[in-house]
file my_file07.cif (mmCIF, N, CA and C atoms)
data_structure
#
loop_
_atom_site.label_atom_id
_atom_site.label_comp_id
_atom_site.auth_asym_id
_atom_site.auth_seq_id
_atom_site.Cartn_x
_atom_site.Cartn_y
_atom_site.Cartn_z
N MET C 1 3.76 -13.70 4.07
CA MET C 1 4.35 -12.39 4.17
C MET C 1 3.94 -11.77 5.50
N CYS C 2 4.89 -11.28 6.22
CA CYS C 2 4.64 -10.65 7.51
C CYS C 2 4.76 -9.14 7.34
N LEU C 3 3.75 -8.43 7.84
CA LEU C 3 3.79 -6.97 7.73
C LEU C 3 4.68 -6.40 8.82
N GLU C 4 5.53 -5.48 8.43
CA GLU C 4 6.49 -4.85 9.33
C GLU C 4 5.83 -3.76 10.17
N PRO C 5 6.40 -3.45 11.32
CA PRO C 5 5.86 -2.37 12.16
C PRO C 5 5.76 -1.03 11.40
N GLU C 6 6.68 -0.79 10.48
CA GLU C 6 6.66 0.44 9.70
C GLU C 6 5.37 0.57 8.88
N PHE C 7 4.87 -0.57 8.41
CA PHE C 7 3.61 -0.58 7.66
C PHE C 7 2.50 0.00 8.52
N PHE C 8 2.40 -0.46 9.75
CA PHE C 8 1.33 -0.03 10.64
C PHE C 8 1.52 1.43 11.08
N GLU C 9 2.76 1.86 11.23
CA GLU C 9 3.03 3.25 11.57
C GLU C 9 2.58 4.16 10.43
N GLU C 10 2.95 3.81 9.21
CA GLU C 10 2.56 4.61 8.04
C GLU C 10 1.05 4.58 7.83
N ARG C 11 0.46 3.42 8.07
CA ARG C 11 -0.99 3.28 7.94
C ARG C 11 -1.70 4.20 8.92
N LYS C 12 -1.23 4.26 10.14
CA LYS C 12 -1.84 5.12 11.15
C LYS C 12 -1.70 6.59 10.76
N LYS C 13 -0.52 6.99 10.29
CA LYS C 13 -0.32 8.37 9.84
C LYS C 13 -1.29 8.73 8.74
N LEU C 14 -1.44 7.83 7.79
CA LEU C 14 -2.34 8.08 6.67
C LEU C 14 -3.79 8.14 7.14
N ARG C 15 -4.17 7.24 8.05
CA ARG C 15 -5.53 7.24 8.59
C ARG C 15 -5.83 8.57 9.26
N LEU C 16 -4.90 9.06 10.06
CA LEU C 16 -5.09 10.33 10.76
C LEU C 16 -5.20 11.49 9.77
N LYS C 17 -4.42 11.43 8.71
CA LYS C 17 -4.48 12.47 7.67
C LYS C 17 -5.87 12.51 7.04
N TYR C 18 -6.37 11.34 6.67
CA TYR C 18 -7.69 11.28 6.04
C TYR C 18 -8.81 11.63 7.02
N GLU C 19 -8.65 11.23 8.27
CA GLU C 19 -9.66 11.59 9.27
C GLU C 19 -9.72 13.10 9.47
N ALA C 20 -8.58 13.78 9.37
CA ALA C 20 -8.55 15.24 9.48
C ALA C 20 -9.31 15.88 8.32
N GLN C 21 -9.46 15.14 7.22
CA GLN C 21 -10.18 15.63 6.05
C GLN C 21 -11.65 15.17 6.05
N GLY C 22 -12.07 14.51 7.12
CA GLY C 22 -13.47 14.13 7.25
C GLY C 22 -13.81 12.69 6.95
N GLU C 23 -12.83 11.90 6.51
CA GLU C 23 -13.08 10.48 6.28
C GLU C 23 -12.92 9.75 7.61
N ILE C 24 -13.53 8.57 7.71
CA ILE C 24 -13.37 7.76 8.91
C ILE C 24 -13.21 6.30 8.50
N GLU C 25 -12.29 5.63 9.14
CA GLU C 25 -12.03 4.22 8.82
C GLU C 25 -13.32 3.42 9.05
N LEU C 26 -13.65 2.55 8.12
CA LEU C 26 -14.90 1.80 8.17
C LEU C 26 -15.08 1.06 9.49
N SER C 27 -14.06 0.38 9.95
CA SER C 27 -14.19 -0.39 11.20
C SER C 27 -14.47 0.54 12.38
N ARG C 28 -13.86 1.71 12.39
CA ARG C 28 -14.08 2.68 13.46
C ARG C 28 -15.49 3.27 13.36
N PHE C 29 -15.95 3.50 12.16
CA PHE C 29 -17.31 4.01 11.91
C PHE C 29 -18.34 3.04 12.47
N LEU C 30 -18.18 1.77 12.14
CA LEU C 30 -19.12 0.76 12.61
C LEU C 30 -19.06 0.62 14.13
N GLU C 31 -17.86 0.60 14.67
CA GLU C 31 -17.67 0.44 16.11
C GLU C 31 -18.26 1.63 16.88
N LYS C 32 -18.10 2.82 16.33
CA LYS C 32 -18.55 4.03 17.00
C LYS C 32 -20.08 4.16 16.95
N LEU C 33 -20.67 3.91 15.80
CA LEU C 33 -22.10 4.16 15.61
C LEU C 33 -22.97 2.93 15.85
N LEU C 34 -22.47 1.79 15.51
CA LEU C 34 -23.30 0.57 15.57
C LEU C 34 -22.52 -0.59 16.17
N PRO C 35 -21.98 -0.42 17.38
CA PRO C 35 -21.14 -1.49 17.94
C PRO C 35 -21.90 -2.80 18.11
N HIS C 36 -21.31 -3.85 17.58
CA HIS C 36 -21.83 -5.22 17.69
C HIS C 36 -23.20 -5.39 17.03
N ILE C 37 -23.67 -4.42 16.28
CA ILE C 37 -24.97 -4.53 15.63
C ILE C 37 -24.79 -4.87 14.15
N ILE C 38 -23.95 -4.09 13.47
CA ILE C 38 -23.68 -4.32 12.06
C ILE C 38 -22.20 -4.65 11.93
N THR C 39 -21.93 -5.80 11.33
CA THR C 39 -20.56 -6.28 11.15
C THR C 39 -20.23 -6.32 9.67
N GLU C 40 -19.01 -6.68 9.39
CA GLU C 40 -18.59 -6.83 7.99
C GLU C 40 -19.47 -7.85 7.28
N LYS C 41 -19.93 -8.86 7.99
CA LYS C 41 -20.79 -9.89 7.39
C LYS C 41 -22.04 -9.25 6.78
N GLU C 42 -22.65 -8.32 7.50
CA GLU C 42 -23.84 -7.64 6.98
C GLU C 42 -23.49 -6.78 5.76
N LEU C 43 -22.29 -6.22 5.75
CA LEU C 43 -21.88 -5.39 4.62
C LEU C 43 -21.73 -6.23 3.35
N PHE C 44 -21.35 -7.51 3.51
CA PHE C 44 -21.32 -8.43 2.38
C PHE C 44 -22.75 -8.70 1.89
N LYS C 45 -23.64 -8.96 2.84
CA LYS C 45 -25.02 -9.30 2.50
C LYS C 45 -25.71 -8.21 1.69
N ILE C 46 -25.47 -6.95 2.04
CA ILE C 46 -26.15 -5.87 1.34
C ILE C 46 -25.34 -5.31 0.17
N GLY C 47 -24.17 -5.90 -0.07
CA GLY C 47 -23.41 -5.56 -1.27
C GLY C 47 -22.45 -4.39 -1.17
N ILE C 48 -22.15 -3.93 0.04
CA ILE C 48 -21.20 -2.84 0.23
C ILE C 48 -19.76 -3.34 0.07
N LEU C 49 -19.52 -4.56 0.54
CA LEU C 49 -18.21 -5.20 0.42
C LEU C 49 -18.35 -6.47 -0.40
N GLN C 50 -17.24 -6.90 -0.98
CA GLN C 50 -17.19 -8.17 -1.71
C GLN C 50 -15.85 -8.83 -1.44
N GLU C 51 -15.80 -10.12 -1.68
CA GLU C 51 -14.53 -10.84 -1.49
C GLU C 51 -13.52 -10.34 -2.51
N LYS C 52 -12.26 -10.30 -2.09
CA LYS C 52 -11.20 -9.91 -3.01
C LYS C 52 -11.04 -10.97 -4.07
N GLU C 53 -10.78 -10.52 -5.28
CA GLU C 53 -10.49 -11.48 -6.35
C GLU C 53 -9.15 -12.14 -6.11
N TYR C 54 -8.23 -11.38 -5.55
CA TYR C 54 -6.91 -11.89 -5.24
C TYR C 54 -6.58 -11.49 -3.82
N SER C 55 -6.16 -12.44 -3.01
CA SER C 55 -5.81 -12.15 -1.63
C SER C 55 -4.39 -12.61 -1.37
N ASP C 56 -3.67 -11.81 -0.62
CA ASP C 56 -2.28 -12.08 -0.29
C ASP C 56 -2.21 -12.36 1.21
N THR C 57 -1.27 -13.17 1.63
CA THR C 57 -1.15 -13.46 3.06
C THR C 57 -0.81 -12.22 3.86
N GLY C 58 -0.31 -11.17 3.20
CA GLY C 58 0.00 -9.92 3.88
C GLY C 58 -1.18 -8.97 3.96
N ASP C 59 -2.33 -9.38 3.43
CA ASP C 59 -3.51 -8.54 3.48
C ASP C 59 -4.11 -8.52 4.88
N LEU C 60 -4.61 -7.36 5.28
CA LEU C 60 -5.27 -7.24 6.57
C LEU C 60 -6.70 -7.77 6.53
N SER C 61 -7.28 -7.80 5.34
CA SER C 61 -8.65 -8.29 5.20
C SER C 61 -8.78 -9.09 3.91
N ASP C 62 -9.89 -9.81 3.81
CA ASP C 62 -10.13 -10.60 2.60
C ASP C 62 -11.29 -10.00 1.79
N TYR C 63 -11.55 -8.72 1.99
CA TYR C 63 -12.62 -8.06 1.25
C TYR C 63 -12.12 -6.79 0.59
N GLU C 64 -12.95 -6.30 -0.32
CA GLU C 64 -12.71 -5.02 -0.97
C GLU C 64 -14.05 -4.33 -1.15
N VAL C 65 -14.00 -3.07 -1.47
CA VAL C 65 -15.21 -2.30 -1.67
C VAL C 65 -15.85 -2.70 -3.00
N SER C 66 -17.15 -2.95 -2.98
CA SER C 66 -17.87 -3.30 -4.20
C SER C 66 -18.22 -2.04 -4.98
N LYS C 67 -18.80 -2.22 -6.15
CA LYS C 67 -19.24 -1.08 -6.96
C LYS C 67 -20.27 -0.26 -6.17
N LEU C 68 -21.23 -0.92 -5.54
CA LEU C 68 -22.22 -0.23 -4.71
C LEU C 68 -21.54 0.47 -3.54
N GLY C 69 -20.60 -0.21 -2.92
CA GLY C 69 -19.90 0.36 -1.78
C GLY C 69 -19.07 1.58 -2.12
N SER C 70 -18.61 1.68 -3.36
CA SER C 70 -17.78 2.82 -3.75
C SER C 70 -18.55 4.14 -3.72
N GLU C 71 -19.86 4.07 -3.65
CA GLU C 71 -20.67 5.28 -3.47
C GLU C 71 -20.41 5.89 -2.09
N TYR C 72 -20.09 5.04 -1.12
CA TYR C 72 -19.92 5.47 0.28
C TYR C 72 -18.49 5.41 0.78
N LEU C 73 -17.67 4.56 0.16
CA LEU C 73 -16.35 4.25 0.71
C LEU C 73 -15.22 4.54 -0.27
N ASN C 74 -14.05 4.87 0.27
CA ASN C 74 -12.81 5.00 -0.48
C ASN C 74 -11.86 3.91 -0.03
N GLU C 75 -11.18 3.29 -0.99
CA GLU C 75 -10.08 2.38 -0.67
C GLU C 75 -8.80 3.17 -0.86
N ARG C 76 -7.99 3.20 0.18
CA ARG C 76 -6.76 3.99 0.16
C ARG C 76 -5.54 3.09 0.33
N GLU C 77 -4.38 3.74 0.27
CA GLU C 77 -3.13 3.04 0.48
C GLU C 77 -3.14 2.38 1.86
N TYR C 78 -2.25 1.43 2.03
CA TYR C 78 -2.09 0.70 3.29
C TYR C 78 -3.37 -0.01 3.72
N GLN C 79 -4.14 -0.43 2.74
CA GLN C 79 -5.35 -1.23 2.96
C GLN C 79 -6.36 -0.53 3.86
N LEU C 80 -6.46 0.76 3.72
CA LEU C 80 -7.46 1.53 4.47
C LEU C 80 -8.76 1.59 3.68
N VAL C 81 -9.85 1.30 4.35
CA VAL C 81 -11.19 1.47 3.79
C VAL C 81 -11.86 2.54 4.64
N LEU C 82 -12.18 3.66 3.99
CA LEU C 82 -12.67 4.83 4.71
C LEU C 82 -14.04 5.27 4.18
N VAL C 83 -14.89 5.70 5.11
CA VAL C 83 -16.18 6.26 4.73
C VAL C 83 -15.93 7.68 4.23
N LYS C 84 -16.46 7.99 3.06
CA LYS C 84 -16.27 9.32 2.47
C LYS C 84 -16.86 10.38 3.40
N PRO C 85 -16.24 11.57 3.41
CA PRO C 85 -16.66 12.59 4.36
C PRO C 85 -18.12 13.02 4.24
N ASN C 86 -18.65 13.06 3.06
CA ASN C 86 -20.03 13.50 2.87
C ASN C 86 -21.02 12.34 2.78
N LYS C 87 -20.57 11.14 3.18
CA LYS C 87 -21.42 9.95 3.05
C LYS C 87 -21.68 9.24 4.37
N HIS C 88 -21.28 9.81 5.49
CA HIS C 88 -21.48 9.17 6.80
C HIS C 88 -22.97 8.89 7.03
N GLN C 89 -23.80 9.91 6.90
CA GLN C 89 -25.23 9.77 7.17
C GLN C 89 -25.89 8.84 6.15
N ALA C 90 -25.54 8.97 4.89
CA ALA C 90 -26.13 8.13 3.85
C ALA C 90 -25.79 6.66 4.07
N LEU C 91 -24.56 6.36 4.45
CA LEU C 91 -24.17 4.98 4.73
C LEU C 91 -24.91 4.46 5.95
N LEU C 92 -25.01 5.26 6.98
CA LEU C 92 -25.74 4.85 8.17
C LEU C 92 -27.20 4.52 7.82
N GLN C 93 -27.84 5.36 7.04
CA GLN C 93 -29.23 5.11 6.62
C GLN C 93 -29.33 3.83 5.79
N LYS C 94 -28.39 3.63 4.89
CA LYS C 94 -28.37 2.41 4.06
C LYS C 94 -28.24 1.17 4.93
N LEU C 95 -27.35 1.22 5.88
CA LEU C 95 -27.13 0.08 6.77
C LEU C 95 -28.36 -0.21 7.62
N LEU C 96 -28.92 0.82 8.19
CA LEU C 96 -30.10 0.63 9.05
C LEU C 96 -31.31 0.14 8.25
N SER C 97 -31.52 0.68 7.07
CA SER C 97 -32.68 0.26 6.28
C SER C 97 -32.49 -1.14 5.68
N SER C 98 -31.27 -1.53 5.44
CA SER C 98 -31.01 -2.85 4.85
C SER C 98 -31.00 -3.97 5.86
N CYS C 99 -30.68 -3.64 7.10
CA CYS C 99 -30.53 -4.68 8.11
C CYS C 99 -31.77 -4.87 8.96
N TRP C 100 -32.75 -3.98 8.83
CA TRP C 100 -33.97 -4.14 9.62
C TRP C 100 -35.19 -4.01 8.78
#
call {"tool": "encode", "arguments": {"input": "my_file07.cif", "output": "structure tokens"}}
result
Amino acid sequence: MCLEPEFFEERKKLRLKYEAQGEIELSRFLEKLLPHIITEKELFKIGILQEKEYSDTGDLSDYEVSKLGSEYLNEREYQLVLVKPNKHQALLQKLLSSCW
């Protein structure tokens, strides 16, 4: 399955909407605060992310938010994984304490 350009346009609109409400896309959060230090691999190790039970060729990623991760993250439409607005600092502390 090939994702159409409209998918990415709608995804961006939705991301911007949620960012205006204080959420931030997980990949952008990691890139902004911890570039090249903490990757998705580390998020698997500490239990924030887990492999999808079912993966489709049209999926952007092969992971989903775990039960532990749902404390910090929201999974939204268009395969967006966003850090909850009031959980930025808590997630950062969790990542730093778990990885060092």
call {"tool": "select_by_dssp", "arguments": {"input": "my_file07.cif", "residues": "region 4-45 of chain C", "states": "helix (DSSP H, G or I)", "output": "VMD selection string"}}
result
chain C and resid 5 to 20 26 to 33 40 to 45
call {"tool": "atom_distance", "arguments": {"input": "my_file07.cif", "atom1": "CA of Phe44 (chain C)", "atom2": "CA of Lys84 (chain C)"}}
result
18.5 Å
call {"tool": "atom_distance", "arguments": {"input": "my_file07.cif", "atom1": "CA of Ile37 (chain C)", "atom2": "atom N of Lys67 (chain C)"}}
result
22.8 Å
call {"tool": "atom_distance", "arguments": {"input": "my_file07.cif", "atom1": "CA of Lys52 (chain C)", "atom2": "CA of Leu33 (chain C)"}}
result
25.8 Å
call {"tool": "closest_residue", "arguments": {"input": "my_file07.cif", "among": "C:Glu40, C:Gln21, C:Phe29, C:Leu49", "to": "Asn86 (chain C)", "atoms": "all atoms listed in the file"}}
result
C:Gln21
call {"tool": "closest_residue", "arguments": {"input": "my_file07.cif", "among": "C:Ile46, C:Glu75, C:Gly69, C:Glu53", "to": "Ser97 (chain C)", "atoms": "only C-alpha atoms"}}
result
C:Ile46
call {"tool": "resolve_selection", "arguments": {"input": "my_file07.cif", "expression": "the PyMOL selection byres ((chain C and resi 77) around 8)", "output": "ChimeraX atom specification"}}
result
/C:10-11,14-15,74-76,78-81
call {"tool": "axis_aligned_box", "arguments": {"input": "my_file07.cif", "around": "region 75-91 of chain C", "padding_each_side": "5 Å", "output": "JSON"}}
result
{"center_x": -14.1, "center_y": 6.1, "center_z": 3.1, "size_x": 34.0, "size_y": 24.7, "size_z": 18.2}
call {"tool": "residues_around", "arguments": {"input": "my_file07.cif", "residues": "Lys87 (chain C)", "least_positions_apart": "2", "cutoff": "8 Å", "atoms": "only N, CA and C atoms", "output": "NGL selection string"}}
result
:C and (22 or 71-73 or 83-85 or 89-93)
